[in-house]
Structure formats: structure tokens, C-alpha cells
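Undergrad: Sharing protein29.txt below, compact mmCIF, C-alpha atoms:
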```txt
# COMPACT_ATOMS: atom_id res chain seq x y z
CA MET E 27 25.31 -31.41 -1.88
CA PRO E 28 24.27 -34.64 -0.06
CA VAL E 29 24.95 -38.00 -1.73
CA THR E 30 21.23 -38.62 -2.31
CA ARG E 31 20.86 -35.39 -4.28
CA LEU E 32 23.97 -36.16 -6.33
CA LEU E 33 22.62 -39.63 -7.13
CA CYS E 34 19.30 -38.12 -8.26
CA LEU E 35 21.18 -35.76 -10.54
CA PHE E 36 23.40 -38.53 -11.94
CA VAL E 37 20.50 -40.91 -12.58
CA LEU E 38 18.41 -38.23 -14.28
CA MET E 39 21.31 -37.29 -16.55
CA LEU E 40 21.74 -40.94 -17.55
CA THR E 41 18.05 -41.55 -18.24
CA ALA E 42 17.09 -38.24 -19.85
CA PRO E 43 18.58 -37.86 -23.35
CA GLY E 44 17.41 -34.27 -23.60
CA LEU E 45 19.73 -33.23 -20.81
CA ALA E 46 22.83 -33.50 -22.98
CA ARG E 47 22.04 -30.20 -24.63
CA ALA E 48 21.00 -28.76 -21.25
CA ALA E 49 24.68 -28.34 -20.49
CA THR E 50 24.61 -25.08 -22.44
CA LEU E 51 24.62 -21.85 -20.49
CA GLU E 52 21.30 -20.83 -22.05
CA ALA E 53 19.56 -24.06 -21.03
CA MET E 54 20.96 -23.93 -17.50
CA ALA E 55 19.83 -20.33 -17.08
CA GLY E 56 16.43 -21.12 -18.56
CA GLN E 57 15.75 -23.61 -15.77
CA MET E 58 15.96 -20.75 -13.27
CA ILE E 59 12.92 -18.92 -14.68
CA VAL E 60 9.27 -19.42 -13.71
CA VAL E 61 6.73 -16.96 -15.12
CA GLY E 62 3.03 -16.24 -15.11
CA PHE E 63 1.12 -15.93 -18.36
CA ALA E 64 -2.11 -14.85 -20.03
CA GLY E 65 -4.40 -17.59 -21.20
CA ASP E 66 -6.70 -20.29 -19.89
CA SER E 67 -6.56 -23.02 -22.50
CA ALA E 68 -3.91 -25.18 -24.15
CA SER E 69 -4.55 -23.50 -27.51
CA ASP E 70 -4.03 -19.91 -26.33
CA PRO E 71 -1.06 -18.22 -28.07
CA ALA E 72 0.71 -17.51 -24.78
CA VAL E 73 0.44 -21.14 -23.73
CA VAL E 74 1.70 -22.36 -27.12
CA ALA E 75 4.67 -19.98 -26.83
CA LEU E 76 5.48 -21.17 -23.31
CA ARG E 77 5.40 -24.77 -24.48
CA ALA E 78 8.00 -23.89 -27.12
CA ASP E 79 10.17 -22.21 -24.50
CA LEU E 80 9.92 -25.22 -22.20
CA ALA E 81 10.82 -27.57 -25.04
CA ALA E 82 13.86 -25.46 -25.91
CA SER E 83 14.97 -25.21 -22.25
CA ARG E 84 14.53 -21.44 -22.28
CA LEU E 85 12.13 -21.72 -19.34
CA GLY E 86 11.96 -23.83 -16.19
CA GLY E 87 8.31 -23.54 -15.29
CA VAL E 88 5.07 -21.62 -15.15
CA MET E 89 2.84 -20.10 -12.48
CA LEU E 90 -0.94 -20.36 -12.66
CA LEU E 91 -3.18 -17.72 -11.11
CA LYS E 92 -6.97 -17.57 -10.88
CA THR E 93 -7.10 -15.80 -14.24
CA ASN E 94 -5.64 -18.94 -15.86
CA ILE E 95 -8.29 -21.24 -14.43
CA LYS E 96 -11.41 -21.42 -16.59
CA SER E 97 -12.31 -24.98 -15.71
CA LEU E 98 -10.63 -28.05 -14.25
CA LYS E 99 -10.72 -29.71 -17.66
CA ALA E 100 -8.95 -26.75 -19.28
CA VAL E 101 -6.33 -26.62 -16.50
CA SER E 102 -5.65 -30.32 -16.91
CA ALA E 103 -5.19 -29.93 -20.65
CA MET E 104 -2.83 -26.96 -20.25
CA ASN E 105 -0.72 -28.73 -17.66
CA ALA E 106 -0.55 -31.87 -19.79
CA ALA E 107 0.71 -29.73 -22.67
CA PHE E 108 3.34 -28.13 -20.45
CA ARG E 109 4.53 -31.53 -19.24
CA ALA E 110 4.64 -32.95 -22.76
CA ALA E 111 6.82 -30.05 -23.89
CA SER E 112 9.67 -31.13 -21.62
CA PRO E 113 9.33 -34.78 -20.55
CA ALA E 114 13.04 -35.26 -19.81
CA LEU E 115 13.20 -32.35 -17.38
CA PRO E 116 9.64 -31.79 -16.11
CA PRO E 117 8.56 -28.17 -15.73
CA LEU E 118 7.69 -26.61 -12.41
CA ILE E 119 3.94 -26.16 -12.89
CA THR E 120 3.10 -24.09 -9.86
CA LEU E 121 0.25 -22.52 -7.94
CA ASP E 122 -0.62 -21.14 -4.49
CA GLN E 123 -3.16 -23.46 -2.90
CA GLU E 124 -2.88 -23.01 0.85
CA GLY E 125 -6.54 -23.24 1.81
CA GLY E 126 -8.72 -20.47 3.21
CA ALA E 127 -8.29 -17.14 1.47
CA VAL E 128 -5.31 -18.23 -0.65
CA GLU E 129 -6.63 -20.67 -3.24
CA ARG E 130 -6.33 -20.57 -7.02
CA LEU E 131 -8.54 -23.64 -7.45
CA THR E 132 -11.95 -22.88 -5.99
CA GLN E 133 -15.49 -24.20 -5.72
CA ASP E 134 -16.40 -21.99 -8.67
CA VAL E 135 -14.62 -24.46 -10.97
CA GLY E 136 -15.57 -27.54 -8.97
CA PHE E 137 -12.51 -27.88 -6.74
CA THR E 138 -13.11 -28.71 -3.07
CA GLU E 139 -11.88 -25.87 -0.87
CA ILE E 140 -10.43 -26.38 2.60
CA PRO E 141 -10.13 -24.10 5.67
CA SER E 142 -7.27 -21.74 6.44
CA ALA E 143 -4.16 -22.91 8.29
CA ILE E 144 -5.22 -21.27 11.57
CA ASN E 145 -8.58 -23.06 11.45
CA ILE E 146 -7.08 -26.41 10.55
CA ALA E 147 -4.61 -26.25 13.45
CA ALA E 148 -7.32 -25.12 15.87
CA HIS E 149 -9.71 -27.97 15.09
CA ASN E 150 -7.55 -30.87 13.89
CA THR E 151 -4.66 -32.99 15.09
CA THR E 152 -1.65 -33.16 12.78
CA GLU E 153 -2.84 -36.58 11.62
CA GLN E 154 -6.27 -35.16 10.75
CA ALA E 155 -4.63 -32.17 9.06
CA GLU E 156 -2.49 -34.48 6.97
CA ALA E 157 -5.61 -36.29 5.79
CA ILE E 158 -7.22 -32.97 4.80
CA TYR E 159 -4.12 -31.88 2.92
CA ALA E 160 -3.82 -35.32 1.31
CA GLN E 161 -7.21 -34.89 -0.35
CA MET E 162 -6.29 -31.41 -1.54
CA ALA E 163 -2.89 -32.57 -2.83
CA LYS E 164 -4.46 -35.50 -4.65
CA GLY E 165 -6.74 -33.08 -6.47
CA ILE E 166 -3.87 -30.74 -7.36
CA ALA E 167 -1.67 -33.58 -8.62
CA GLY E 168 -4.54 -35.02 -10.62
CA LEU E 169 -4.66 -31.78 -12.61
CA GLY E 170 -1.00 -32.11 -13.59
CA PHE E 171 0.58 -29.57 -11.25
CA THR E 172 4.05 -30.37 -9.94
CA VAL E 173 4.48 -27.70 -7.22
CA ASN E 174 2.25 -26.18 -4.58
CA PHE E 175 3.70 -23.04 -2.97
CA GLY E 176 3.21 -24.00 0.65
CA PRO E 177 3.15 -24.59 3.50
CA VAL E 178 3.34 -21.25 5.26
CA ALA E 179 6.12 -21.38 7.83
CA ASP E 180 5.44 -17.89 9.17
CA VAL E 181 4.93 -17.68 12.93
CA ASN E 182 1.80 -15.74 13.89
CA LEU E 183 3.53 -13.22 16.16
CA ASN E 184 1.63 -10.09 15.13
CA PRO E 185 -2.16 -10.48 15.38
CA ASP E 186 -2.56 -7.27 13.38
CA ASN E 187 -0.38 -8.51 10.51
CA GLN E 188 -1.91 -7.46 7.17
CA VAL E 189 -0.88 -10.41 5.03
CA ILE E 190 -0.52 -13.43 7.35
CA ALA E 191 -2.68 -13.06 10.48
CA ARG E 192 -5.44 -11.21 8.67
CA PHE E 193 -6.11 -14.20 6.44
CA GLY E 194 -5.33 -16.95 8.93
CA ARG E 195 -2.40 -18.19 6.89
CA SER E 196 -0.17 -19.20 9.83
CA PHE E 197 -0.81 -22.33 11.87
CA SER E 198 0.19 -20.81 15.21
CA ALA E 199 2.15 -18.29 17.26
CA ASP E 200 4.18 -21.26 18.53
CA PRO E 201 7.05 -22.16 16.14
CA ALA E 202 6.95 -25.81 17.21
CA VAL E 203 3.28 -26.07 16.29
CA VAL E 204 3.96 -24.40 12.95
CA ALA E 205 6.69 -26.94 12.23
CA ARG E 206 4.46 -29.92 13.05
CA TYR E 207 1.59 -28.80 10.82
CA ASP E 208 4.03 -27.79 8.08
CA ALA E 209 5.42 -31.32 8.20
CA ALA E 210 1.90 -32.74 7.84
CA PHE E 211 1.27 -30.52 4.79
CA ILE E 212 4.55 -31.63 3.21
CA ARG E 213 3.98 -35.35 3.85
CA ALA E 214 0.55 -35.15 2.23
CA HIS E 215 1.93 -33.46 -0.86
CA HIS E 216 4.87 -35.83 -1.18
CA ALA E 217 2.47 -38.78 -1.03
CA ALA E 218 0.68 -37.25 -4.03
CA GLY E 219 3.94 -36.72 -5.93
CA LEU E 220 3.99 -32.94 -5.48
CA LEU E 221 6.85 -30.65 -4.50
CA THR E 222 6.37 -27.94 -1.88
CA ALA E 223 7.96 -24.62 -0.91
CA LEU E 224 8.25 -23.37 2.67
CA LYS E 225 7.42 -19.68 2.83
CA HIS E 226 8.10 -16.80 3.52
CA PHE E 227 11.73 -16.92 4.73
CA PRO E 228 12.98 -15.40 7.05
CA GLY E 229 9.49 -14.81 8.47
CA HIS E 230 6.56 -12.57 7.56
CA GLY E 231 4.49 -13.26 10.66
CA SER E 232 5.80 -10.40 12.79
CA SER E 233 5.77 -7.77 10.04
CA THR E 234 3.62 -4.64 10.16
CA ALA E 235 3.22 -4.20 6.39
CA ASP E 236 2.51 -6.19 3.22
CA SER E 237 5.36 -6.77 0.76
CA HIS E 238 2.79 -7.05 -2.06
CA GLU E 239 2.20 -3.33 -1.63
CA GLY E 240 5.66 -1.98 -0.91
CA PHE E 241 8.73 -1.87 1.28
CA VAL E 242 8.54 -3.93 4.49
CA ASP E 243 11.00 -3.28 7.34
CA ILE E 244 11.13 -6.08 9.92
CA THR E 245 14.22 -4.79 11.74
CA ARG E 246 12.34 -3.99 14.96
CA THR E 247 9.69 -6.72 14.83
CA TRP E 248 11.42 -9.87 13.59
CA GLN E 249 12.33 -12.50 16.18
CA PRO E 250 14.98 -15.28 15.89
CA GLU E 251 12.32 -17.88 16.76
CA GLU E 252 10.79 -17.26 13.33
CA LEU E 253 13.59 -19.43 11.94
CA ASP E 254 12.65 -22.40 14.14
CA PRO E 255 10.21 -24.04 11.68
CA TYR E 256 12.85 -23.85 8.94
CA ARG E 257 15.52 -25.23 11.25
CA ALA E 258 13.36 -28.19 12.30
CA LEU E 259 12.15 -29.11 8.81
CA ILE E 260 15.58 -28.73 7.20
CA ALA E 261 17.10 -30.96 9.87
CA ALA E 262 14.40 -33.57 9.21
CA GLY E 263 15.18 -33.53 5.47
CA ASP E 264 11.59 -32.60 4.59
CA VAL E 265 12.18 -29.46 2.50
CA ASP E 266 11.99 -29.33 -1.30
CA MET E 267 12.24 -25.57 -1.78
CA ILE E 268 12.30 -22.50 0.39
CA MET E 269 10.60 -19.33 -0.83
CA VAL E 270 12.33 -16.15 0.27
CA GLY E 271 10.18 -13.10 0.96
CA HIS E 272 10.89 -9.44 0.28
CA LEU E 273 11.62 -8.39 3.86
CA TYR E 274 14.25 -5.88 4.93
CA HIS E 275 16.17 -6.29 8.18
CA GLY E 276 18.90 -3.75 8.90
CA ASP E 277 21.22 -6.35 10.41
CA TYR E 278 21.12 -8.49 7.27
CA ALA E 279 21.88 -5.98 4.54
CA ALA E 280 25.05 -4.37 3.26
CA ALA E 281 25.94 -1.10 4.98
CA GLY E 282 24.02 1.83 3.56
CA THR E 283 21.53 -0.33 1.63
CA GLN E 284 17.95 -1.45 2.19
CA THR E 285 18.22 -4.81 0.48
CA PRO E 286 15.24 -7.14 1.03
CA SER E 287 15.84 -10.76 2.02
CA SER E 288 15.16 -12.03 -1.52
CA LEU E 289 18.19 -10.08 -2.75
CA SER E 290 20.32 -10.47 0.38
CA PRO E 291 23.37 -12.77 0.49
CA GLN E 292 23.40 -12.22 4.25
CA TRP E 293 20.06 -13.97 4.54
CA ILE E 294 20.36 -16.59 1.78
CA ASP E 295 24.04 -17.53 1.58
CA GLY E 296 24.58 -16.67 5.23
CA VAL E 297 21.63 -17.66 7.41
CA LEU E 298 19.82 -20.11 5.14
CA ARG E 299 22.75 -21.92 3.55
CA LYS E 300 25.49 -21.70 6.19
CA ASP E 301 23.66 -21.36 9.51
CA LEU E 302 20.64 -23.56 8.80
CA GLY E 303 22.43 -25.92 6.42
CA PHE E 304 19.92 -25.82 3.56
CA ASP E 305 21.45 -26.96 0.26
CA GLY E 306 18.25 -27.32 -1.77
CA VAL E 307 16.45 -25.00 -4.16
CA VAL E 308 15.79 -21.42 -3.09
CA ILE E 309 12.94 -19.72 -4.95
CA SER E 310 12.05 -16.06 -4.71
CA ASP E 311 8.62 -14.79 -3.85
CA ASP E 312 7.02 -12.97 -6.79
CA LEU E 313 9.64 -10.49 -7.98
CA GLU E 314 6.95 -8.15 -9.27
CA MET E 315 5.65 -7.29 -5.81
CA GLY E 316 5.76 -3.64 -4.84
CA ALA E 317 8.64 -4.23 -2.41
CA ILE E 318 10.81 -5.09 -5.42
CA ARG E 319 9.44 -3.33 -8.50
CA ASP E 320 9.20 0.04 -6.74
CA HIS E 321 12.88 0.00 -5.79
CA PHE E 322 14.80 -2.08 -8.37
CA THR E 323 14.92 -2.41 -12.13
CA ILE E 324 14.38 -5.87 -13.58
CA THR E 325 18.09 -6.12 -14.38
CA GLN E 326 19.07 -5.17 -10.83
CA THR E 327 16.53 -7.60 -9.46
CA VAL E 328 17.70 -10.59 -11.50
CA LYS E 329 21.41 -9.99 -10.96
CA GLN E 330 21.16 -9.32 -7.24
CA ALA E 331 18.84 -12.26 -6.62
CA VAL E 332 21.17 -14.72 -8.34
CA MET E 333 24.27 -13.42 -6.58
CA ALA E 334 22.42 -13.57 -3.26
CA GLY E 335 21.77 -17.28 -3.77
CA VAL E 336 18.32 -17.52 -5.38
CA ASP E 337 18.01 -20.54 -7.71
CA VAL E 338 14.54 -19.96 -9.20
CA LEU E 339 13.32 -16.50 -10.17
CA LEU E 340 9.54 -16.22 -9.88
CA PHE E 341 7.74 -13.51 -11.87
CA SER E 342 3.94 -13.47 -11.84
CA ASN E 343 3.92 -11.24 -14.96
CA THR E 344 1.00 -9.27 -13.58
CA ALA E 345 2.42 -5.81 -12.88
CA LYS E 346 2.58 -4.97 -16.58
CA TYR E 347 1.98 -8.05 -18.68
CA HIS E 348 4.75 -8.83 -21.13
CA ALA E 349 4.51 -11.93 -23.32
CA GLY E 350 8.29 -11.95 -23.77
CA LEU E 351 9.13 -11.64 -20.07
CA GLY E 352 10.81 -15.04 -19.86
CA GLN E 353 13.15 -14.19 -22.72
CA GLU E 354 13.92 -10.80 -21.18
CA ILE E 355 14.96 -12.47 -17.92
CA LEU E 356 16.98 -15.08 -19.80
CA ASP E 357 18.83 -12.37 -21.73
CA ILE E 358 19.74 -10.61 -18.47
CA LEU E 359 21.08 -13.86 -17.04
CA LEU E 360 23.16 -14.63 -20.14
CA VAL E 361 24.68 -11.15 -20.42
CA ALA E 362 25.61 -11.15 -16.73
CA ALA E 363 27.11 -14.64 -16.99
CA ARG E 364 29.26 -13.69 -19.96
CA GLU E 365 30.53 -10.63 -18.14
CA ASP E 366 31.22 -12.33 -14.81
CA PRO E 367 32.51 -15.90 -14.33
CA ALA E 368 31.25 -15.86 -10.73
CA PHE E 369 27.71 -15.19 -12.01
CA ALA E 370 28.03 -18.03 -14.52
CA ALA E 371 29.13 -20.32 -11.69
CA ARG E 372 26.00 -19.38 -9.74
CA ILE E 373 23.85 -20.40 -12.71
CA GLU E 374 25.56 -23.79 -12.90
CA GLN E 375 25.08 -24.36 -9.15
CA SER E 376 21.40 -23.47 -9.42
CA TYR E 377 20.95 -25.75 -12.41
CA GLN E 378 22.39 -28.70 -10.49
CA ARG E 379 20.02 -28.09 -7.58
CA ILE E 380 17.02 -27.70 -9.89
CA VAL E 381 17.77 -30.89 -11.85
CA ALA E 382 18.14 -32.85 -8.60
CA LEU E 383 14.81 -31.44 -7.41
CA LYS E 384 13.01 -32.20 -10.65
CA ALA E 385 14.17 -35.83 -10.45
CA ARG E 386 11.58 -36.22 -7.68
CA ILE E 387 8.62 -35.04 -9.77
CA ARG E 388 6.10 -37.75 -10.59
```
Represent the structure of the file as C-alpha cells.
TA:
Amino acid sequence: MPVTRLLCLFVLMLTAPGLARAATLEAMAGQMIVVGFAGDSASDPAVVALRADLAASRLGGVMLLKTNIKSLKAVSAMNAAFRAASPALPPLITLDQEGGAVERLTQDVGFTEIPSAINIAAHNTTEQAEAIYAQMAKGIAGLGFTVNFGPVADVNLNPDNQVIARFGRSFSADPAVVARYDAAFIRAHHAAGLLTALKHFPGHGSSTADSHEGFVDITRTWQPEELDPYRALIAAGDVDMIMVGHLYHGDYAAAGTQTPSSLSPQWIDGVLRKDLGFDGVVISDDLEMGAIRDHFTITQTVKQAVMAGVDVLLFSNTAKYHAGLGQEILDILLVAAREDPAFAARIEQSYQRIVALKARIR
């Protein structure tokens, strides 16, 4: 871990009295969990329960979807309540707000929408793009969010791609162009005090299927150049988090398995950590997507993700809504940690990365 990250961790531990009890295994594991929920106001039972979990360090953050957004005023009140529940270690209050087709905050509730990535890159310089994203980020931060899941680092290699090209989510088919516009997106969000997450590692732009729907094999389509945006932005020190997709590549899975990248130590510990040198927070894509839930139990998913190197486990809680999902995930983490010292060590490593990251939340 670089000296700057260690200093952030040390300073936060000195200034946040609530972190003393966060040394427990339960509290460290709780920081690894981000879940979706039912409710669209601060008084909804699910929101009240999540606030209690955040306060008790049984949960690290929440994910808001369109169903949670009744009005900007209600969103602001909910997010303020989430923040107040854990002031010493701010929660990851997250959403997907890329622009174009992928926006949780829309004109319907009075939020100014912006074009898709492909349109922004086609009609704006990186400086102009940064200004566009700065206005969006200012609006997101003003509502109390702490994380925007973006920018998209996928390279637009397959024009028939069902999940990236179809919706104009990639900036370009040129990795260098993708990296430049990604950097503009990140700078704009950092200026607003927001964290970001590059996605979808190791690259969804060449795929021929959608991991939301089921198993995606990129063995024949994936190209090494899809790592170039990650390589450039990691080297520049611009990356807060990297979101790992659910993409299977036969050369990066254990023999005889079809392990997706989000559960693959070959991809995360190997390529991302060792080859690309990323030592920050790794977050999974939604672990309820078809590519995962159709092939793994929740216990298998949690255990394999952690041992592969994932720090934050993201569950949208939409496949089959379960109010106690966060506790279920926490119980799986605790049982596995008590059975396996190596698993417990992974939790501690993830906790250290998460605390260092959260020190940068404003």
C-alpha cells in the first residue's frame, strides 16, 4: 500500500473515535457489503433498518436504483440519514449515473440529463467533456451521494455489443481515447468530492452477450488492448475503485472451471493487482446478475469473490428482494473467516483499503 494511502488510514483512525470498535471482525466484514433496498423515503422501514446497520458497522454502503428515487428532496433526505448513521466512517452511497441510457437520476425528478459517452466524445473535447461531467457530478454530490459507478472503461470493439455499444456507453474503439475521457470524468467527480469506479474490468466492449442475462464467454473476442485504459489511469494515480465484471475467459480460470472475472484470482490478484499494479479497492459488479446467480449459490459467490481479491461485494437485491440480505452476506463472511485464517486475512486487507478510500469522501 503506498505511503499516501497508509497516511489516510492512520489519520482517519486517529480522528474517528468510532473506528476503535471497527477493529472487530464483524465490523471489518460489514464494510465489505453494499446492498440495494426497497424504499424511497428516509422514514421507510427498509431505510431505517439500513441506517441501524450502518451505525453498527454491519454494512458499508447502499446502492440506489430508479425505484428508490421518488424526488430529489426525498433522495437528499435519505442520503443525509445514511451519512448521519455513520459519520466516522462515511457509507458508500452509490448509484449508476453515466449519462445517456444509464441514469438513475432523470428529468422526471428534475435532474438534468446528459448525453451518452459515445456522443460526448464525438462532439466535445476532453476539456468540454470535463465541464459537462462537472455539472452532473455537482448535482450528484449535492444530493449526498458519495460514489458514482463510472466511468466506463470498456473499449468499443464490437459494434453489435448488446450492453455497451448498443447504448453508447463506451467513449471510443480507441483505448487511448477511452482513457482520456475517463480521466476527464474522474477529475470532474473528484472536484465535486465524489468517488468513482472504473468499469467493467477486464473489458466488456468486445463481448457478444450481456452478463445481466447470463453467462458471457469472452475467450475468443477479448483483446489485450482492453486493459490499456486501466493501465494508463492506474499509472496516473487517478483510480478510486475498479469494478470487475462477470466475464469468463478460458485463459484466466482454473482448469476445468468456468469462473467469471469477478470470482477469478487469475484476473484480480494476477492481472489487476500484480500485472497492472492496482492496490486500491476492487468492487464487484452486481452479484445478482444472471451470469452469477444462475451458476453459483450466494455462499459460493461471497467466498469465491473474497478469495479472488474483491474488497466490496455489491448486491442490488433485485433478483428476489430480501430485507435481511446484508445480514445474510455478513454471516457468510463471518463463518468463512472463523473457519479459514486466510479468509479472515482477506477481510482485514479489504477493510484497510476501504477505510483508506473512505478517508477521501467529502
Undergrad: Enclose the full set of atoms of region 176-190 of chain E listed in the file within a box whose edges lie along x, y and z, apply 8 Å of padding to each of the six sides, and report centre and edge lengths in Å to one decimal as lines of an AutoDock Vina configuration file.
TA:
```
center_x = 1.8
center_y = -15.9
center_z = 8.4
size_x = 24.7
size_y = 33.3
size_z = 31.5
```
Undergrad: Of the residues E:Asp70, E:Leu85, E:Gln123, E:Gln188, which is the one nearest to Gly56 (chain E), using only C-alpha atoms?
TA: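 Residue with the minimum atom-to-atom distance to Gly56 (chain E): E:Leu85.
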Undergrad: Have a look at CA of Leu351 (chain E) and CA of Ile309 (chain E) and let me know their distance in Å, one decimal.
TA: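 Interatomic distance, CA of Leu351 (chain E) to CA of Ile309 (chain E): 17.6 Å.
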Undergrad: I need the residue nearest Ile387 (chain E) from this list: E:Leu91, E:Leu98, E:Leu253, E:Ala114. Use all atoms listed in the file for the distance.
TA: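 Nearest to Ile387 (chain E): E:Ala114.
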Undergrad: For Leu339 (chain E), which of E:Gly276, E:Asp305, E:Asp311, E:Ile358 is the closest residue, counting all atoms listed in the file?
TA: E:Asp311
Undergrad: From the options E:Gly263, E:Pro201, E:Pro185, E:Gly271, which residue's atoms come nearest to Lys225 (chain E), counting only C-alpha atoms?
TA: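 That would be E:Gly271, the residue with the smallest distance to Lys225 (chain E).
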Undergrad: Which residue, E:Val101, E:Ile59, E:Ala385, E:Ala199, has the smallest gap to Val135 (chain E) when you use only C-alpha atoms?
TA: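 Using only C-alpha atoms, Val135 (chain E) sits closest to E:Val101.
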Undergrad: Out of E:Ile166, E:Leu356, E:Met315, E:Ala205, which residue has the shortest atom-to-atom distance to Glu129 (chain E) when counting only C-alpha atoms?
TA: E:Ile166
Undergrad: Find the residues near Leu302 (chain E): any atom within 8 Å, counting only C-alpha atoms, skip ones fewer than 6 places away on the same chain, and give them as a CSV table (one decimal) with C-alpha atoms, in the coordinates of the input.
TA:
```csv
chain,number,residue,atom,x,y,z
E,256,TYR,CA,12.8,-23.8,8.9
E,257,ARG,CA,15.5,-25.2,11.2
E,260,ILE,CA,15.6,-28.7,7.2
```
Undergrad: Neighbouring residues of Val265 (chain E) were defined as those with any atom within 12 Å, considering all atoms listed in the file; residues of the same chain fewer than 3 positions away were excluded. Please report them as a ChimeraX atom specification.
TA: /E:175-177,179,205,208-209,211-213,215-216,220-225,255-262,268-269,303-308,383
Undergrad: Extract, using all atoms listed in the file, all DNA, RNA and protein residues at most 10 Å from region 345-350 of chain E, discarding same-chain residues fewer than 2 positions from it, and format them as a ChimeraX atom specification.
TA: /E:61-64,71-72,75-76,313-316,319,341-343,352-355
Undergrad: How would the residues just chosen look if you wrote them out with C-alpha atoms as a PDB file, keeping the file's coordinate frame?
TA:
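Written output follows (selection_33.pdb):
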```pdb
ATOM      1  CA  VAL E  61       6.730 -16.960 -15.120  1.00  0.00           C
ATOM      2  CA  GLY E  62       3.030 -16.240 -15.110  1.00  0.00           C
ATOM      3  CA  PHE E  63       1.120 -15.930 -18.360  1.00  0.00           C
ATOM      4  CA  ALA E  64      -2.110 -14.850 -20.030  1.00  0.00           C
ATOM      5  CA  PRO E  71      -1.060 -18.220 -28.070  1.00  0.00           C
ATOM      6  CA  ALA E  72       0.710 -17.510 -24.780  1.00  0.00           C
ATOM      7  CA  ALA E  75       4.670 -19.980 -26.830  1.00  0.00           C
ATOM      8  CA  LEU E  76       5.480 -21.170 -23.310  1.00  0.00           C
ATOM      9  CA  LEU E 313       9.640 -10.490  -7.980  1.00  0.00           C
ATOM     10  CA  GLU E 314       6.950  -8.150  -9.270  1.00  0.00           C
ATOM     11  CA  MET E 315       5.650  -7.290  -5.810  1.00  0.00           C
ATOM     12  CA  GLY E 316       5.760  -3.640  -4.840  1.00  0.00           C
ATOM     13  CA  ARG E 319       9.440  -3.330  -8.500  1.00  0.00           C
ATOM     14  CA  PHE E 341       7.740 -13.510 -11.870  1.00  0.00           C
ATOM     15  CA  SER E 342       3.940 -13.470 -11.840  1.00  0.00           C
ATOM     16  CA  ASN E 343       3.920 -11.240 -14.960  1.00  0.00           C
ATOM     17  CA  GLY E 352      10.810 -15.040 -19.860  1.00  0.00           C
ATOM     18  CA  GLN E 353      13.150 -14.190 -22.720  1.00  0.00           C
ATOM     19  CA  GLU E 354      13.920 -10.800 -21.180  1.00  0.00           C
ATOM     20  CA  ILE E 355      14.960 -12.470 -17.920  1.00  0.00           C
TER      21      ILE E 355
END
```
Undergrad: For Gly168 (chain E), please output as a ChimeraX atom specification all residues within 9 Å (counting all atoms listed in the file; exclusion window: fewer than 3 positions along the same chain).
TA: /E:102,163-165,171,218
Undergrad: CA of Gln378 (chain E) to CA of Pro117 (chain E): how many Å, to one decimal?
TA: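 For CA of Gln378 (chain E) relative to CA of Pro117 (chain E), the distance reads 14.8 Å.
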Undergrad: Just the residues within 9 Å of Ser196 (chain E), please, counting all atoms listed in the file, with nothing from its chain fewer than 4 positions along; format it as a compact mmCIF listing (two decimals) with C-alpha atoms, in the frame of the given file.
TA:
```
# COMPACT_ATOMS: atom_id res chain seq x y z
CA SER E 142 -7.27 -21.74 6.44
CA ALA E 143 -4.16 -22.91 8.29
CA ILE E 144 -5.22 -21.27 11.57
CA PRO E 177 3.15 -24.59 3.50
CA VAL E 178 3.34 -21.25 5.26
CA ALA E 179 6.12 -21.38 7.83
CA ASP E 180 5.44 -17.89 9.17
CA VAL E 181 4.93 -17.68 12.93
CA ASN E 182 1.80 -15.74 13.89
CA ILE E 190 -0.52 -13.43 7.35
CA ALA E 191 -2.68 -13.06 10.48
CA VAL E 204 3.96 -24.40 12.95
CA GLY E 231 4.49 -13.26 10.66
```
Undergrad: Quick check, in Å to one decimal: how far apart do CA of Ser112 (chain E) and CA of Leu80 (chain E) lie?
TA: 5.9 Å
